[in-house]
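Structure, as structure tokens:
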Amino acid sequence: MTHSHKRAAVILAAGKSTRMKSSRSKVLHHIGGRSLLGWVADLARQAGVDKIVCVVGEQNADVRTEAEKLGLEIAVQEPQLGTADAVLAAKSALSEFDGHVIVLCADAPLIKKQTVLEAFEKLEKGADVVAVGFVPKNPGAYGRLIVEDKKLTKIVEAKEATPEELAVDLCNSGMLAAACEHLFGALSKVTNDNTKGEFYLTDVVGITNEMARSCVVGVASADEVLGVNSRADLALAEQAFQEGMRAQMLENGVTLRDPTSVYFSWDTQIEADADIGANVVFGVGVTVESGSVIHPFCHMEGAHIGPNTQIGPFARLRPGANMGEGSKAGNFVEVKKSNIGKGSKINHLSYIGDAEIAASVNIGAGTITCNYDGYNKHKTIIGEGAFIGTHSSLIAPVTIGAGAYLGTGGVITKDVPKDALALGRAQQVNKEGWAKRYRAAQEKRQKDKS
Ligand code: UD1
Ligand code: MG
């Protein structure tokens, strides 16, 4: 939908996070592998706003670093005197801005783009302030939206609420939208005359009514609005995210054998007709192509899994693992920063790191690429169709030519030419009758002692 006003978002991230009981700010804690602040920054971008200002505290350098990494404009609130004071900290960043502003709390990670767009649309239609409300299962400590004669008259914080107000189930999501000029005008009138001695953003609603201007309620669903203030909230938000992803994957045609035991990240991409077993964890940055089977108990991050591959059970794919079409990484196999060519197999008990493995290679059980000398990482290159015998140690840097054959138990320190046989183990020595003579000598010694 087209709109005539410019749009900006102010993200509040300067709070003290006391209830989280963490040395880190709550907005740096993760849901689905992405910081709460990262989620909210993405929401603002998805909503297509023209400008994003993130309010951070001076004390919390890590939040500022994360906000800068996310490409957000920074405003500093010091000290932290409440949510109204936090928005006021963004005033100078918005001094040239003439348009509509939405305030987003960095501790509400699961809000949908549509909810933000609807709030802006209500402003386009003439509302002066839009407070986005929702009806949670447990209203608890959320602020309550007080509607009288179909008009939003005020928002009361749970701590300030009368028993009648506490009984209201329409709660404040924390999102509030207004024209920039009106917002800062109303904010200048907010006082800290309340139980917490803080300047509440929510007071903007009452003040707007006193100015004889209109406040309306925007609506969000309970599963998207979940303010993360404590570890319990964080766990609930993670659960809500995972449930959403599982439903989405099933909807997209991905088989999940035991959906509740599969964990996704915000950016997990899986094509239709992939088949995911129980107890599988997708860390950040995993893509899976169609026809692949991920057997139970696999852990993956930063990995690409090509079509028709077989992974696990009990496989670990680390960043840069790139499994080619029809390849296999079986039980107790770890792959890191390596390309595994089409149809190549690493079926059992191996570590493959910093390797280039061409097509149709067979890696025997217990093979290790010895890629690290304590200071640097080195490459192992294996040509097409090579056969790596079980229990090979490939001391990188090393190149195994195409079609080469490595005998079992080799410690391979030198390059192996194409189609050669390489044996890198001590020669076997058989001593005829030795064991029998040894036993007889030991038995005699025992008898002599007794
Ligand atoms: C706030 C709302 C409450 C709403 C709830 C939804 C107010 C007064 N209350 O309460 O009505 O139901 O969100 O989750 O707005 N922050 C700052 N500077 C400050 C204080 C807070 O930047 O001085 C930031 C926090 O980092 C956080 C956001 O503002 O991201 C909200 O603050 P928080 O303390 O979590 O408010 P709630 O008590 O959850
Ligand atoms: Mg909160």
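How things are named: the first chain in the structure tokens is A, the next is B, and so on; residues count from 1 in each chain; ligands count from 1 in the order shown.
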Inset, instruction - List all protein, DNA and RNA residues that have an atom no more than 8 Å from any atom of ligand 2, counting only C-alpha atoms and all ligand atoms, and report them as a ChimeraX atom specification. - result: /A:105,107-108,174,227-229
Legend entry - Residue contacts of Cys298 in chain A (6 Å, only C-alpha atoms) excluding same-chain residues fewer than 5 positions away, as an MDAnalysis selection string: chainID A and resid 280 314:316
Pull the closest atom pair for each residue of range 136-181 of chain A that gets at most 12 Å from range 109-120 of chain A, along with the distance in Å to one decimal, counting only C-alpha atoms, ordering rows by chain and then ascending residue number, as a tab-separated table.
residue	atom	partner	partner_atom	distance
A:Ser173	CA	A:Ile111	CA	9.3
A:Gly174	CA	A:Ile111	CA	10.8
A:Met175	CA	A:Val116	CA	8.4
A:Leu176	CA	A:Ala119	CA	8.1
A:Ala177	CA	A:Ala119	CA	6.6
A:Ala178	CA	A:Phe120	CA	8.2
A:Ala179	CA	A:Phe120	CA	9.5
Inset, instruction - Tell me which protein, DNA and RNA residues are within 10 Å of range 420-429 of chain A, counting only C-alpha atoms, leaving out same-chain ones fewer than 2 positions away, and put them as a list of chain:residue names. - result: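 My reading of the contact set: A:Ala386, A:Phe387, A:Ile388, A:Gly389, A:Ser392, A:Ser393, A:Leu394, A:Ile400, A:Gly401, A:Ala402, A:Gly403, A:Ala404, A:Tyr405, A:Leu406, A:Gly407, A:Thr408, A:Gly409, A:Gly410, A:Val411, A:Ile412, A:Thr413, A:Lys414, A:Asp415, A:Val416, A:Pro417, A:Lys418, A:Lys431, A:Glu432.
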Sorted by chain and rising residue number, list the residues of chain A at most 9 Å from ligand 1 (counting only C-alpha atoms and all ligand atoms), each with its closest atom pair and distance in Å to one decimal, as JSON lines.
{"residue": "A:Ile11", "atom": "CA", "partner": "ligand 1", "partner_atom_place_in_ligand_line": "30 (O)", "distance": 7.5}
{"residue": "A:Leu12", "atom": "CA", "partner": "ligand 1", "partner_atom_place_in_ligand_line": "22 (O)", "distance": 4.1}
{"residue": "A:Ala13", "atom": "CA", "partner": "ligand 1", "partner_atom_place_in_ligand_line": "26 (O)", "distance": 3.7}
{"residue": "A:Ala14", "atom": "CA", "partner": "ligand 1", "partner_atom_place_in_ligand_line": "22 (O)", "distance": 3.3}
{"residue": "A:Gly15", "atom": "CA", "partner": "ligand 1", "partner_atom_place_in_ligand_line": "26 (O)", "distance": 3.3}
{"residue": "A:Lys16", "atom": "CA", "partner": "ligand 1", "partner_atom_place_in_ligand_line": "26 (O)", "distance": 6.5}
{"residue": "A:Ser17", "atom": "CA", "partner": "ligand 1", "partner_atom_place_in_ligand_line": "26 (O)", "distance": 6.8}
{"residue": "A:Thr18", "atom": "CA", "partner": "ligand 1", "partner_atom_place_in_ligand_line": "34 (O)", "distance": 8.5}
{"residue": "A:Arg19", "atom": "CA", "partner": "ligand 1", "partner_atom_place_in_ligand_line": "34 (O)", "distance": 8.9}
{"residue": "A:Ser25", "atom": "CA", "partner": "ligand 1", "partner_atom_place_in_ligand_line": "26 (O)", "distance": 8.0}
{"residue": "A:Lys26", "atom": "CA", "partner": "ligand 1", "partner_atom_place_in_ligand_line": "26 (O)", "distance": 7.6}
{"residue": "A:Val27", "atom": "CA", "partner": "ligand 1", "partner_atom_place_in_ligand_line": "30 (O)", "distance": 6.8}
{"residue": "A:Leu37", "atom": "CA", "partner": "ligand 1", "partner_atom_place_in_ligand_line": "30 (O)", "distance": 8.5}
{"residue": "A:Cys54", "atom": "CA", "partner": "ligand 1", "partner_atom_place_in_ligand_line": "22 (O)", "distance": 8.8}
{"residue": "A:Val55", "atom": "CA", "partner": "ligand 1", "partner_atom_place_in_ligand_line": "22 (O)", "distance": 5.9}
{"residue": "A:Val56", "atom": "CA", "partner": "ligand 1", "partner_atom_place_in_ligand_line": "22 (O)", "distance": 6.3}
{"residue": "A:Gly57", "atom": "CA", "partner": "ligand 1", "partner_atom_place_in_ligand_line": "22 (O)", "distance": 7.2}
{"residue": "A:Gln77", "atom": "CA", "partner": "ligand 1", "partner_atom_place_in_ligand_line": "18 (N)", "distance": 6.9}
{"residue": "A:Glu78", "atom": "CA", "partner": "ligand 1", "partner_atom_place_in_ligand_line": "23 (O)", "distance": 8.3}
{"residue": "A:Pro79", "atom": "CA", "partner": "ligand 1", "partner_atom_place_in_ligand_line": "23 (O)", "distance": 7.3}
{"residue": "A:Gln80", "atom": "CA", "partner": "ligand 1", "partner_atom_place_in_ligand_line": "23 (O)", "distance": 3.6}
{"residue": "A:Leu81", "atom": "CA", "partner": "ligand 1", "partner_atom_place_in_ligand_line": "23 (O)", "distance": 4.3}
{"residue": "A:Gly82", "atom": "CA", "partner": "ligand 1", "partner_atom_place_in_ligand_line": "23 (O)", "distance": 3.3}
{"residue": "A:Thr83", "atom": "CA", "partner": "ligand 1", "partner_atom_place_in_ligand_line": "20 (C)", "distance": 4.4}
{"residue": "A:Ala84", "atom": "CA", "partner": "ligand 1", "partner_atom_place_in_ligand_line": "15 (O)", "distance": 7.1}
{"residue": "A:Asp85", "atom": "CA", "partner": "ligand 1", "partner_atom_place_in_ligand_line": "23 (O)", "distance": 6.2}
{"residue": "A:Ala86", "atom": "CA", "partner": "ligand 1", "partner_atom_place_in_ligand_line": "18 (N)", "distance": 4.7}
{"residue": "A:Val87", "atom": "CA", "partner": "ligand 1", "partner_atom_place_in_ligand_line": "22 (O)", "distance": 7.7}
{"residue": "A:Leu104", "atom": "CA", "partner": "ligand 1", "partner_atom_place_in_ligand_line": "28 (C)", "distance": 7.8}
{"residue": "A:Cys105", "atom": "CA", "partner": "ligand 1", "partner_atom_place_in_ligand_line": "30 (O)", "distance": 4.2}
{"residue": "A:Ala106", "atom": "CA", "partner": "ligand 1", "partner_atom_place_in_ligand_line": "30 (O)", "distance": 4.1}
{"residue": "A:Asp107", "atom": "CA", "partner": "ligand 1", "partner_atom_place_in_ligand_line": "30 (O)", "distance": 4.5}
{"residue": "A:Ala108", "atom": "CA", "partner": "ligand 1", "partner_atom_place_in_ligand_line": "14 (O)", "distance": 6.4}
{"residue": "A:Gly133", "atom": "CA", "partner": "ligand 1", "partner_atom_place_in_ligand_line": "12 (O)", "distance": 8.5}
{"residue": "A:Pro139", "atom": "CA", "partner": "ligand 1", "partner_atom_place_in_ligand_line": "12 (O)", "distance": 8.6}
{"residue": "A:Ala141", "atom": "CA", "partner": "ligand 1", "partner_atom_place_in_ligand_line": "12 (O)", "distance": 6.9}
{"residue": "A:Tyr142", "atom": "CA", "partner": "ligand 1", "partner_atom_place_in_ligand_line": "12 (O)", "distance": 3.5}
{"residue": "A:Gly143", "atom": "CA", "partner": "ligand 1", "partner_atom_place_in_ligand_line": "11 (O)", "distance": 3.5}
{"residue": "A:Arg144", "atom": "CA", "partner": "ligand 1", "partner_atom_place_in_ligand_line": "11 (O)", "distance": 6.8}
{"residue": "A:Leu145", "atom": "CA", "partner": "ligand 1", "partner_atom_place_in_ligand_line": "11 (O)", "distance": 8.5}
{"residue": "A:Ile155", "atom": "CA", "partner": "ligand 1", "partner_atom_place_in_ligand_line": "11 (O)", "distance": 7.1}
{"residue": "A:Val156", "atom": "CA", "partner": "ligand 1", "partner_atom_place_in_ligand_line": "11 (O)", "distance": 7.1}
{"residue": "A:Glu157", "atom": "CA", "partner": "ligand 1", "partner_atom_place_in_ligand_line": "11 (O)", "distance": 5.4}
{"residue": "A:Ala158", "atom": "CA", "partner": "ligand 1", "partner_atom_place_in_ligand_line": "11 (O)", "distance": 7.7}
{"residue": "A:Cys171", "atom": "CA", "partner": "ligand 1", "partner_atom_place_in_ligand_line": "12 (O)", "distance": 6.0}
{"residue": "A:Asn172", "atom": "CA", "partner": "ligand 1", "partner_atom_place_in_ligand_line": "12 (O)", "distance": 4.1}
{"residue": "A:Ser173", "atom": "CA", "partner": "ligand 1", "partner_atom_place_in_ligand_line": "6 (C)", "distance": 4.5}
{"residue": "A:Gly174", "atom": "CA", "partner": "ligand 1", "partner_atom_place_in_ligand_line": "6 (C)", "distance": 4.2}
{"residue": "A:Met175", "atom": "CA", "partner": "ligand 1", "partner_atom_place_in_ligand_line": "6 (C)", "distance": 7.8}
{"residue": "A:Glu198", "atom": "CA", "partner": "ligand 1", "partner_atom_place_in_ligand_line": "23 (O)", "distance": 7.7}
{"residue": "A:Phe199", "atom": "CA", "partner": "ligand 1", "partner_atom_place_in_ligand_line": "8 (C)", "distance": 7.2}
{"residue": "A:Tyr200", "atom": "CA", "partner": "ligand 1", "partner_atom_place_in_ligand_line": "8 (C)", "distance": 4.1}
{"residue": "A:Leu201", "atom": "CA", "partner": "ligand 1", "partner_atom_place_in_ligand_line": "15 (O)", "distance": 4.9}
{"residue": "A:Thr202", "atom": "CA", "partner": "ligand 1", "partner_atom_place_in_ligand_line": "15 (O)", "distance": 5.3}
{"residue": "A:Asp203", "atom": "CA", "partner": "ligand 1", "partner_atom_place_in_ligand_line": "8 (C)", "distance": 7.8}
{"residue": "A:Val225", "atom": "CA", "partner": "ligand 1", "partner_atom_place_in_ligand_line": "14 (O)", "distance": 7.5}
{"residue": "A:Leu226", "atom": "CA", "partner": "ligand 1", "partner_atom_place_in_ligand_line": "14 (O)", "distance": 6.5}
{"residue": "A:Gly227", "atom": "CA", "partner": "ligand 1", "partner_atom_place_in_ligand_line": "14 (O)", "distance": 3.8}
{"residue": "A:Val228", "atom": "CA", "partner": "ligand 1", "partner_atom_place_in_ligand_line": "14 (O)", "distance": 7.0}
{"residue": "A:Asn229", "atom": "CA", "partner": "ligand 1", "partner_atom_place_in_ligand_line": "35 (O)", "distance": 5.8}
Inset, instruction - For CA of Ala131 in chain A and CA of Gly218 in chain A, quote the distance in Å rounded to one decimal. - result: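 So the two atoms, CA of Ala131 in chain A and CA of Gly218 in chain A, lie 5.8 Å apart.
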Inset, instruction - Just the helix (DSSP H, G or I) stuff from range 150-396 of chain A, please, per backbone DSSP, written as JSON, numbers by chain. - result: {"A": [158, 159, 160, 163, 164, 165, 166, 180, 181, 182, 183, 184, 185, 186, 187, 203, 204, 205, 206, 207, 208, 209, 210, 231, 232, 233, 234, 235, 236, 237, 238, 239, 240, 241, 242, 243, 244, 245, 246, 247, 248, 249, 250, 251, 259, 260, 261]}
Legend entry - Surrounding residues of Ser338 in chain A excluding itself and chain neighbours under 2 positions, 10 Å, only C-alpha atoms, as a VMD selection string: chain A and resid 303 317 to 323 335 to 336 340 to 341 352 to 357 379 to 381
Inset, instruction - Tell me, as a list in words, which residues lie within 10 Å of range 93-98 of chain A, counting only C-alpha atoms; anything in the same chain fewer than 3 positions away does not count. - result: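 Contacts, with the query itself left out: His5, Lys6, Arg7, Ala8, Val10, Asp50, Lys51, Ile52, Val53, Cys54, Glu73, Ile74, Ala75, Leu88, Ala89, Ala90, Val101, Ala179, Cys180, Glu181 and Phe184 of chain A.
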Written selection (all heavy atoms) as a short mmCIF file (atom, residue, chain, number, x, y, z; two decimals), in the first residue's frame:
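Generated file (selection-v9.cif):
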data_model
loop_
_atom_site.label_atom_id
_atom_site.label_comp_id
_atom_site.auth_asym_id
_atom_site.auth_seq_id
_atom_site.Cartn_x
_atom_site.Cartn_y
_atom_site.Cartn_z
N HIS A 5 3.34 9.61 4.00
CA HIS A 5 4.32 10.09 4.98
C HIS A 5 5.57 9.22 4.99
O HIS A 5 5.50 8.01 4.76
CB HIS A 5 3.71 10.07 6.38
CG HIS A 5 2.61 11.06 6.55
ND1 HIS A 5 1.32 10.79 6.16
CD2 HIS A 5 2.60 12.33 7.05
CE1 HIS A 5 0.56 11.84 6.41
NE2 HIS A 5 1.31 12.80 6.94
N LYS A 6 6.67 9.85 5.28
CA LYS A 6 7.90 9.07 5.50
C LYS A 6 7.73 8.30 6.81
O LYS A 6 6.94 8.67 7.67
CB LYS A 6 9.10 10.02 5.60
CG LYS A 6 9.62 10.46 4.24
CD LYS A 6 11.05 10.97 4.37
CE LYS A 6 11.72 11.13 3.04
NZ LYS A 6 12.19 9.94 2.41
N ARG A 7 8.52 7.21 6.93
CA ARG A 7 8.37 6.36 8.12
C ARG A 7 9.71 6.13 8.79
O ARG A 7 10.72 5.92 8.11
CB ARG A 7 7.75 5.02 7.73
CG ARG A 7 6.30 5.18 7.29
CD ARG A 7 5.69 3.91 6.78
NE ARG A 7 4.27 4.11 6.53
CZ ARG A 7 3.45 3.19 6.03
NH1 ARG A 7 3.92 1.99 5.69
NH2 ARG A 7 2.18 3.44 5.86
N ALA A 8 9.69 6.16 10.12
CA ALA A 8 10.91 5.88 10.88
C ALA A 8 10.60 4.92 12.02
O ALA A 8 9.44 4.83 12.46
CB ALA A 8 11.50 7.18 11.44
N VAL A 10 12.02 3.80 15.95
CA VAL A 10 12.95 4.00 17.07
C VAL A 10 12.96 2.69 17.86
O VAL A 10 11.90 2.23 18.31
CB VAL A 10 12.51 5.18 17.97
CG1 VAL A 10 13.41 5.27 19.20
CG2 VAL A 10 12.53 6.48 17.18
N ASP A 50 12.09 4.34 6.44
CA ASP A 50 13.15 5.14 5.79
C ASP A 50 14.33 5.36 6.71
O ASP A 50 15.42 5.69 6.25
CB ASP A 50 12.57 6.50 5.37
CG ASP A 50 11.36 6.32 4.45
OD1 ASP A 50 11.57 5.88 3.32
OD2 ASP A 50 10.22 6.57 4.90
N LYS A 51 14.10 5.22 8.01
CA LYS A 51 15.16 5.56 8.97
C LYS A 51 14.97 4.70 10.22
O LYS A 51 13.84 4.50 10.66
CB LYS A 51 14.99 7.05 9.32
CG LYS A 51 16.09 7.68 10.10
CD LYS A 51 15.77 9.18 10.23
CE LYS A 51 16.73 9.90 11.16
NZ LYS A 51 18.07 10.09 10.64
N ILE A 52 16.08 4.21 10.78
CA ILE A 52 15.98 3.44 12.03
C ILE A 52 16.98 4.01 13.03
O ILE A 52 18.17 4.09 12.74
CB ILE A 52 16.32 1.94 11.84
CG1 ILE A 52 15.54 1.34 10.67
CG2 ILE A 52 16.05 1.16 13.12
CD1 ILE A 52 15.92 -0.10 10.34
N VAL A 53 16.47 4.40 14.19
CA VAL A 53 17.35 4.90 15.25
C VAL A 53 17.28 3.91 16.41
O VAL A 53 16.19 3.52 16.85
CB VAL A 53 16.90 6.30 15.74
CG1 VAL A 53 17.86 6.81 16.80
CG2 VAL A 53 16.81 7.27 14.57
N CYS A 54 18.44 3.50 16.89
CA CYS A 54 18.47 2.56 18.01
C CYS A 54 18.98 3.29 19.25
O CYS A 54 20.05 3.89 19.21
CB CYS A 54 19.38 1.39 17.66
SG CYS A 54 19.46 0.17 18.98
N GLU A 73 21.34 3.52 13.10
CA GLU A 73 21.79 4.82 13.60
C GLU A 73 21.68 4.78 15.13
O GLU A 73 20.71 4.22 15.66
CB GLU A 73 20.86 5.88 13.01
CG GLU A 73 21.46 7.25 12.97
CD GLU A 73 20.51 8.23 12.29
OE1 GLU A 73 19.92 7.90 11.23
OE2 GLU A 73 20.34 9.31 12.85
N ILE A 74 22.64 5.39 15.82
CA ILE A 74 22.67 5.26 17.28
C ILE A 74 22.25 6.55 17.96
O ILE A 74 22.66 7.64 17.56
CB ILE A 74 24.11 4.91 17.76
CG1 ILE A 74 24.68 3.70 17.00
CG2 ILE A 74 24.18 4.73 19.27
CD1 ILE A 74 24.09 2.38 17.37
N ALA A 75 21.45 6.42 19.03
CA ALA A 75 21.20 7.54 19.94
C ALA A 75 21.50 7.02 21.34
O ALA A 75 21.23 5.87 21.64
CB ALA A 75 19.74 7.99 19.85
N LEU A 88 12.88 10.05 23.88
CA LEU A 88 13.38 11.44 23.81
C LEU A 88 14.86 11.49 23.43
O LEU A 88 15.31 12.43 22.78
CB LEU A 88 13.16 12.15 25.16
CG LEU A 88 11.77 12.76 25.35
CD1 LEU A 88 11.59 13.25 26.79
CD2 LEU A 88 11.53 13.92 24.37
N ALA A 89 15.59 10.44 23.80
CA ALA A 89 17.02 10.39 23.45
C ALA A 89 17.22 10.35 21.93
O ALA A 89 18.28 10.69 21.42
CB ALA A 89 17.68 9.18 24.10
N ALA A 90 16.18 9.93 21.20
CA ALA A 90 16.28 9.84 19.73
C ALA A 90 15.84 11.14 19.06
O ALA A 90 15.83 11.24 17.83
CB ALA A 90 15.43 8.68 19.22
N VAL A 101 6.41 7.88 13.07
CA VAL A 101 7.43 7.13 13.82
C VAL A 101 6.77 5.97 14.55
O VAL A 101 5.70 6.15 15.15
CB VAL A 101 8.11 8.04 14.88
CG1 VAL A 101 9.13 7.24 15.70
CG2 VAL A 101 8.77 9.23 14.23
N ALA A 179 2.76 10.58 14.72
CA ALA A 179 3.51 11.53 13.88
C ALA A 179 4.65 12.05 14.74
O ALA A 179 4.49 12.29 15.94
CB ALA A 179 2.60 12.66 13.44
N CYS A 180 5.80 12.25 14.13
CA CYS A 180 7.02 12.61 14.86
C CYS A 180 6.80 13.85 15.74
O CYS A 180 7.12 13.84 16.94
CB CYS A 180 8.13 12.85 13.84
SG CYS A 180 9.74 12.95 14.58
N GLU A 181 6.22 14.88 15.16
CA GLU A 181 6.05 16.13 15.88
C GLU A 181 5.14 15.95 17.10
O GLU A 181 5.45 16.40 18.20
CB GLU A 181 5.45 17.16 14.93
CG GLU A 181 5.82 18.56 15.31
CD GLU A 181 5.07 19.57 14.44
OE1 GLU A 181 4.69 19.22 13.30
OE2 GLU A 181 4.86 20.69 14.93
N PHE A 184 6.93 13.86 20.01
CA PHE A 184 7.88 14.58 20.87
C PHE A 184 7.18 15.68 21.68
O PHE A 184 7.58 15.96 22.81
CB PHE A 184 9.07 15.09 20.07
CG PHE A 184 10.00 13.95 19.69
CD1 PHE A 184 10.08 13.49 18.37
CD2 PHE A 184 10.73 13.30 20.66
CE1 PHE A 184 10.89 12.42 18.03
CE2 PHE A 184 11.56 12.22 20.34
CZ PHE A 184 11.64 11.78 19.03
#
Inset, instruction - May I have the residues within 9 Å of Gly306 in chain A as a list in words, using only C-alpha atoms and disregarding those fewer than 4 positions away in the same chain? - result: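 Listing them by chain and then by number gives Thr287, Val288, Glu289, Ser290, Gly291, Ser292, Asn322, Met323, Gly324, Glu325, Gly326, Ser327 and Lys342 of chain A.
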Legend entry - Given only C-alpha atoms as the counted atoms, nearest of A:Ala435, A:Val286, A:Cys370, A:Leu256 to His299 in chain A: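 Closest to His299 in chain A of all the choices is A:Val286.
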Legend entry - Shell of 12 Å around Glu251 in chain A, only C-alpha atoms, local chain residues under 5 positions omitted, as a PyMOL selection string: chain A and resi 244-246+256+270-273
Legend entry - Residues of range 171-414 of chain A in strand (DSSP E), written as a PyMOL selection string: chain A and resi 171-179+215-219+255-256+262-263+269-270+275-276+280-282+287-288+293-294+299-300+304-305+310-311+315-317+321-323+328-336+338-340+345-353+355-357+362-363+368-370+380-382+387-388+393-395+398-400+405-406+411-412
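Of the listed residues (A:Lys436, A:Lys91, A:Lys189, A:Arg45), A:Lys189 comes nearest to Thr208 in chain A; the distances count only C-alpha atoms.
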Legend entry - Gap from CA of Ile207 in chain A to CA of Glu160 in chain A - Å, one decimal: 16.5 Å
Legend entry - One-decimal distance in Å that lies between CA of Thr268 in chain A and CA of Gly330 in chain A: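 According to the coordinates, CA of Gly330 in chain A and CA of Thr268 in chain A are separated by 21.4 Å.
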